[in-house]
Structures are given as structure tokens and as C-alpha cells.
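What follows is a single structure, written as C-alpha cells, with notes after it.
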Amino acid sequence: MKKLLVLFVVQISTVFMLSAVSDDSQLKSDGTQKKYERKAVMGLADIGFMQNSINIPMQYCESSQNGYRCSPWSFTVNYPLEYSEKMEAAKTFYEWTITNRFDKIIMQNGKAEMITRNGKSTVETGEYIPYFSSGTDSLDGFKDRLENYLNTGVKESIGTLLEATIEQRYKELPETEQETFMVTKAKELGVSIEFIKTLVNSSYVFAAHVQYIKGAGKVIRKERKTFDGRTVYFYDIEFDIPVNVTFLIYKYDPEAKKFNLYNKLVAVSGMVSGSTNSFYVIPTPNQVMAAFNDTFQTAVKAASINANYQLKKDDNFALFMTVKAVNGNKVETDFGVMEDIRVDAPFTIMQMVDGKMKKTGYVRARKVSENCSADYNVPTIMKKTNGSVEEADQLREYPWTGLFFNLGFGMNSSLVTGIKDNSLGVNTPVADVGGMFLAPGFHLGGSIDLGYSANSSALSEFYFDIFFQMSVGIDDSVDAGRPIWFGGGLGISKRLYAGAGGFYFAPALNLAYEGGSTFNDYKLQQFIVNPQLHFGFSVNPSLDIVLKGGWNLGFVVKVEDPNENELDSDLLAMGLTASLDFNFHLPVVGSTAKMYSKPSNVCAAKSKK
């Protein structure tokens, strides 16, 4: 639990970095494109890094009551950024940032991997399309190298093809003549006709550059007591690694006959923390490297999810779809898994009012169509949660991660019972510990939509919470003094929307662990079961206001008097709780990236049958 709380606090502290590295004003919006057209993009597999390897000196630490005592360890993580490692990073970047709504051509050394609606294939490009070597350079150096590559070798190879197919006269040719043109160009370039057909739609080129990576690593010796009183040592490997990626997006300009920079996205992972504590002897270098690799891959994935979020702000990469039918709060529309619509993904309802498109509400995906073939006509089902919607309205994808920061303020009422003193061999009730406390406090934490992150209809609108909480008693009527509580825990809730006004209620259950002391130095620790009922209002997919009420049932784990004598206890029954909470959308997912499933592979699975 402590580890989860620390990870979340690190996540919150880094999320505000986004405002400093993301300039929304740079995001283009093509006002004429309000209809989705499947695009193809070209990506470069040779990722740019500013270093040849990631080096992290490890520390060896021993835990104590005063914290950690650390000193340099003999082992240093050395992770080489060779071609195979760059390819692995490129696979993650293009899988999560440029999802299966696009046809993709990933240029490699002498070949290209094509991912289209029909599946994956590898095409030999040979010497006809030159290979891009990213080198090890700063962003400016990488950008200069990239633009030279695009506007020399690539332009000479495919520029004529792109120019010809973009021009209006080509589009007016009969289909048979277009096919003949494609075949001719395929022979000239020495590649397959399928490659050429995908390439002519690839107006955009993506390239990724990773900023210099510095991290921290520790091997920590900890101890705990067994039931028979023995002290057992174990070892915990911990890493903190940030990955910041700049995606350079280029678009071919047929008039200037060159590739121009279309957009620059700076994607951040946040400080991704990873750890393991399964070692009862000091871990080997191989075990340390395995823990590092797992954390590093999570950081790469987190940065890619953030880039995908930012990409959806751009009309040229977001989904637009028309409402086919409306039945109460149920909305039907085209598109589905092949456009990477995830369960619970929100969309803005757009209506034409007085000649202008205006926002009128929001819908969320519930059952996503498995539209693996062009003739599949089962619609995607969405739920209207806010506003109004009619047939022929337009739905615009809402940039979203399904992750929220939660801040709440509330009041606990606590009744302490069953505390006994057995120091004399007789269980004697301790009168001055019992009594009723009123304790206002606050809690902060995070929530993640499990339906969205796992892309599962069965988990739709289930939210998983992790939180830290504190409360201070205000009642001085008890001799033991006012209590101060600290703790944290986990929770689960299920949202049920009532109508289309944005209101919902949610049955919930929290499990928490708290420790505290009174002003007269009594110390208590307890495990809490807390059933709740939430009444919320979704202002929009980025902000919720929630009123929570529940009942705390606390089970005493440990009680000590002011002289640190341990007391016997039966039950610490806590009364009603109530709080007012605010949920704020988080674009940076950090360590929670582990919880996100890949885009649906149902179509790939079907194609193998």
C-alpha cells in the first residue's frame, strides 16, 4: 500500500509538467475536414536518442526508522540503445500513438512493415527508398538530419508519386488508368503494388526523438517481523525513470515539392516508478536489469499514450462520425475497433445551429463494433450522458486518458469501543479512550476508468481508486484527546448515469489502512471497510463533482497507551462519513500505463482463423 501511495504522489507531482512542455496553440485544425477518412502515415523505425546508452548508477540502501541510509553500489545499469532497442521503442511508439485507425508504413533498414486494415506484411524496399539513420544528436541536429533525408532521398523516390496522386487530374482518371499508373510506379520503385497503394495516402511522416534519459535506481534492504518474532530481511529494487519524446510530424507539400514540418508534439511519461520485493537474497545484476527494463518499457508506453492524447486534439487525426440513429439515450454510429474506439471513450456532440457547429453534449462508447471488414454493418452503441443528440448530428472524439486526480473534503464521525488494558493480567476497560470523535479532513488520490484502460465492456464505468487521507478530531470531550489520522487505501465504484443531465450515482467500496494518535499520546492503527454511495455530476469528461456518503467500519490492529504499552482491543467502530470531491482529468498516465491494454486485436485474431 505504501508503495502504491508513493507512486501516485510522484505521478501527481509530475503531471503539471505538461503545461510547460505542451503548446496547444501549435495544434492545427483543418476546418474543412469534418468527415473521417482513413489515412496512412509513414513512420521511421530508427528512433533518435541523445545517448548511446542509458546509464544509471545504483545505490544500496538500508531502511530504518529514520528513513533510508544509502551508499553507492558496485553495479551500474548500462542499457545499450542499439538498433534492436530502437526498433522495440518504435514498435511501442507507433502502436500507441498512431493506432490502428491509420494504415501505417514503418520504414526500416531495406524494408518496410505495412499495417493496414487487412493485416501486417513486410515489403522489401531495397535501395529504392534510402534508409534513415538517426544518429545520436540533439533535437535540432536530429531535425536537420531528418529534413535532409525527407527532402533529398525520399522526395526523389516518392515525391513524384505523391505529387501525381494528389493532383486533381489524377483523381479524375478512370479507375483502370489509376491502377495502371500504380503498377508502373511499383515497377519503377521495385516494390509491391500494395505498398504503393498505401504509400499514396501517406501524406504524413512521423519521427520520434527521445530527450536525454536520467533515472535513479536503488536496491533497498528492508526487514519485517515474522509471527514467531524473528526478523526477516528482503530486498526491494526500485527505479524512477522519465521518458520525454518529441514527435516531429511532416506533411508533403506538392506545390513547394518538399516535406514541411506540420506539427511538433512533446509527449511526457511523467516519473514512472517500478519496483519489486520478491528477493530474499541480494538481487543479481540480471534481476536488476529485468526490473529496469520493465520500468523503462512502461515509461515508453506512458509517453506514447500521452502523445496519442495530444494527437486527438488535432482535427486531422481525431475521429469524426455521423449519428446514424437515436433511441432514447442510446446512440448508434459507424466505426469501431478498426478506428481504435475504446470502451467508455467520450465524444462531443456537435449540431449545426444557425449555420455554425456548436457543442450540445457528450456520449460515451459502450459496445464497440467489430468492424473488421468493409461490409460489416453492426453499429457501435454509445450512451448519451449530457445534453441532446439527433440523427445526422456529428460526434467529435474527445481527447481523454480515463485517468483522474481526485481531491475531496469531508467529515468522519468515530466511535471508539472495546479498548482494554491487560498489563496486570486482567482485561480492564480503558475508560478514557472510549468515546465519540468528529474529525474533518481531506483526501487526495487518483481514479482510472477500468473499462477504458482495459478496453472491456464488462468493466464499463468501473473506476479503480487509490487515495491518501488525513483527518483531525475537533471534539475535546474525550479524555484521550482529539485524534489525528493518516492513511490510504484502494476503492472500486460503478457509475450509473441517470438520464442525460450529466448526473450519476455509484455504489462503491473502499478498503483503507490508517494510523494515528490522540493529543494525549494514545496510538491506534486500524483496517477500515467503507461501503459508500456517490452522487455525481459530470460537468464534462474532464471534470466531475461528487457528493459521497458512507459508513466506516474499522478493525483495530494495534493500540498503545502513552507509555507505549500495547492494549487489547475488540473493535473500533466508526460512524458516518461524507465528503465533497472534485475529479480532474489527467493527460499524463505515468506508472498507471501498466494498466492500459493494447488497441483491440480482434480483427487480427479473426484474420488468422
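Identifiers in this document derive from the order of the C-alpha cells: chains are assigned A, B, ..., residues are numbered from 1 separately in each chain, and ligands are numbered from 1 in order of occurrence.
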Taking the DSSP assignment computed from this structure's backbone, write out as an mmCIF file with N, CA and C atoms, in the first residue's frame all residues of segment 279-408 of chain A that belong to helix (DSSP H, G or I).
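Output contents, as saved in result-v9.cif:
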data_model
loop_
_atom_site.group_PDB
_atom_site.id
_atom_site.type_symbol
_atom_site.label_atom_id
_atom_site.label_comp_id
_atom_site.auth_asym_id
_atom_site.auth_seq_id
_atom_site.Cartn_x
_atom_site.Cartn_y
_atom_site.Cartn_z
ATOM 1 N N PRO A 285 22.784 -8.825 -10.827
ATOM 2 C CA PRO A 285 22.683 -7.813 -11.891
ATOM 3 C C PRO A 285 21.612 -8.132 -12.923
ATOM 4 N N ASN A 286 21.429 -9.394 -13.260
ATOM 5 C CA ASN A 286 20.387 -9.756 -14.228
ATOM 6 C C ASN A 286 18.992 -9.423 -13.703
ATOM 7 N N GLN A 287 18.776 -9.642 -12.420
ATOM 8 C CA GLN A 287 17.481 -9.317 -11.833
ATOM 9 C C GLN A 287 17.266 -7.804 -11.783
ATOM 10 N N VAL A 288 18.328 -7.051 -11.505
ATOM 11 C CA VAL A 288 18.235 -5.592 -11.537
ATOM 12 C C VAL A 288 17.910 -5.112 -12.948
ATOM 13 N N MET A 289 18.578 -5.670 -13.953
ATOM 14 C CA MET A 289 18.334 -5.261 -15.338
ATOM 15 C C MET A 289 16.914 -5.604 -15.766
ATOM 16 N N ALA A 290 16.377 -6.721 -15.299
ATOM 17 C CA ALA A 290 14.995 -7.085 -15.633
ATOM 18 C C ALA A 290 14.022 -6.070 -15.058
ATOM 19 N N ALA A 291 14.270 -5.618 -13.808
ATOM 20 C CA ALA A 291 13.408 -4.601 -13.201
ATOM 21 C C ALA A 291 13.531 -3.276 -13.935
ATOM 22 N N PHE A 292 14.765 -2.916 -14.345
ATOM 23 C CA PHE A 292 14.958 -1.685 -15.110
ATOM 24 C C PHE A 292 14.204 -1.753 -16.435
ATOM 25 N N ASN A 293 14.362 -2.849 -17.152
ATOM 26 C CA ASN A 293 13.749 -2.963 -18.476
ATOM 27 C C ASN A 293 12.229 -2.850 -18.378
ATOM 28 N N ASP A 294 11.637 -3.457 -17.358
ATOM 29 C CA ASP A 294 10.187 -3.380 -17.175
ATOM 30 C C ASP A 294 9.744 -1.934 -16.926
ATOM 31 N N THR A 295 10.493 -1.204 -16.091
ATOM 32 C CA THR A 295 10.146 0.188 -15.803
ATOM 33 C C THR A 295 10.356 1.066 -17.024
ATOM 34 N N PHE A 296 11.443 0.837 -17.761
ATOM 35 C CA PHE A 296 11.739 1.637 -18.950
ATOM 36 C C PHE A 296 10.661 1.437 -20.014
ATOM 37 N N GLN A 297 10.254 0.193 -20.240
ATOM 38 C CA GLN A 297 9.219 -0.069 -21.241
ATOM 39 C C GLN A 297 7.892 0.576 -20.831
ATOM 40 N N THR A 298 7.590 0.591 -19.538
ATOM 41 C CA THR A 298 6.375 1.264 -19.061
ATOM 42 C C THR A 298 6.458 2.759 -19.328
ATOM 43 N N ALA A 299 7.640 3.359 -19.127
ATOM 44 C CA ALA A 299 7.814 4.786 -19.375
ATOM 45 C C ALA A 299 7.643 5.118 -20.857
ATOM 46 N N VAL A 300 8.172 4.288 -21.727
ATOM 47 C CA VAL A 300 7.997 4.492 -23.170
ATOM 48 C C VAL A 300 6.512 4.418 -23.540
ATOM 49 N N LYS A 301 5.817 3.441 -22.970
ATOM 50 C CA LYS A 301 4.380 3.293 -23.213
ATOM 51 C C LYS A 301 3.612 4.501 -22.688
ATOM 52 N N ALA A 302 3.975 4.996 -21.497
ATOM 53 C CA ALA A 302 3.280 6.151 -20.915
ATOM 54 C C ALA A 302 3.444 7.385 -21.790
ATOM 55 N N ALA A 303 4.648 7.617 -22.315
ATOM 56 C CA ALA A 303 4.872 8.761 -23.198
ATOM 57 C C ALA A 303 4.059 8.621 -24.479
ATOM 58 N N SER A 304 3.935 7.399 -24.989
ATOM 59 C CA SER A 304 3.166 7.171 -26.220
ATOM 60 C C SER A 304 1.683 7.425 -26.001
ATOM 61 N N ILE A 305 1.152 7.035 -24.844
ATOM 62 C CA ILE A 305 -0.260 7.293 -24.536
ATOM 63 C C ILE A 305 -0.511 8.786 -24.441
ATOM 64 N N ASN A 306 0.426 9.519 -23.845
ATOM 65 C CA ASN A 306 0.288 10.968 -23.766
ATOM 66 C C ASN A 306 0.325 11.609 -25.157
ATOM 67 N N ALA A 307 1.174 11.098 -26.048
ATOM 68 C CA ALA A 307 1.233 11.613 -27.416
ATOM 69 C C ALA A 307 -0.079 11.359 -28.158
ATOM 70 N N ASN A 308 -0.658 10.169 -27.944
ATOM 71 C CA ASN A 308 -1.934 9.850 -28.573
ATOM 72 C C ASN A 308 -3.033 10.790 -28.103
ATOM 73 N N TYR A 309 -3.022 11.107 -26.788
ATOM 74 C CA TYR A 309 -3.971 12.073 -26.234
ATOM 75 C C TYR A 309 -3.830 13.421 -26.931
ATOM 76 N N GLN A 310 -2.600 13.887 -27.090
ATOM 77 C CA GLN A 310 -2.374 15.182 -27.717
ATOM 78 C C GLN A 310 -2.747 15.165 -29.199
ATOM 79 N N LEU A 311 -2.500 14.048 -29.862
ATOM 80 C CA LEU A 311 -2.798 13.940 -31.288
ATOM 81 C C LEU A 311 -4.294 14.096 -31.548
ATOM 82 N N VAL A 337 -13.648 -0.984 -33.762
ATOM 83 C CA VAL A 337 -12.306 -1.360 -33.331
ATOM 84 C C VAL A 337 -11.245 -0.973 -34.351
ATOM 85 N N MET A 338 -11.590 -0.933 -35.632
ATOM 86 C CA MET A 338 -10.594 -0.573 -36.637
ATOM 87 C C MET A 338 -10.250 0.905 -36.596
ATOM 88 N N GLU A 339 -11.011 1.686 -35.882
ATOM 89 C CA GLU A 339 -10.679 3.098 -35.663
ATOM 90 C C GLU A 339 -10.216 3.332 -34.218
#
Practice prompt. DSSP on the backbone, then: every residue of segment 49-294 of chain A marked strand (DSSP E), written as a PyMOL selection string.
Written response: chain A and resi 49+53-64+67-80+103-107+111-116+119-124+204-210+216-225+231-241+244-253+258-268+272-279
Worksheet item: Which distance in Å separates atom CA of Ser471 of chain A and atom CA of Pro440 of chain A, to one decimal?
Response: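 Spanning atom CA of Ser471 of chain A to atom CA of Pro440 of chain A is a straight-line distance of 5.4 Å.
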Practice prompt. Compile the contact shell of segment 81-87 of chain A as a PyMOL selection string: residues with an atom at most 6 Å away, counting only C-alpha atoms, same-chain residues fewer than 4 positions apart removed.
Written response: chain A and resi 45+47+52-53
Worksheet item: atom CA of Glu564 of chain A to atom CA of Gly515 of chain A: how many Å, to one decimal?
Response: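 Straight-line distance from atom CA of Glu564 of chain A to atom CA of Gly515 of chain A works out to 14.7 Å.
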Practice prompt. Excluding Leu543 of chain A and residues on its chain fewer than 4 positions from it, collect all residues at most 7 Å away from it, counting only C-alpha atoms, and give them as an NGL selection string.
Written response: :A and (538-539 or 583-585)
Worksheet entry | For Ser275 of chain A, the nearest of the candidates A:Leu553, A:Val323, A:Val219, A:Val245, counting only C-alpha atoms | A:Val219
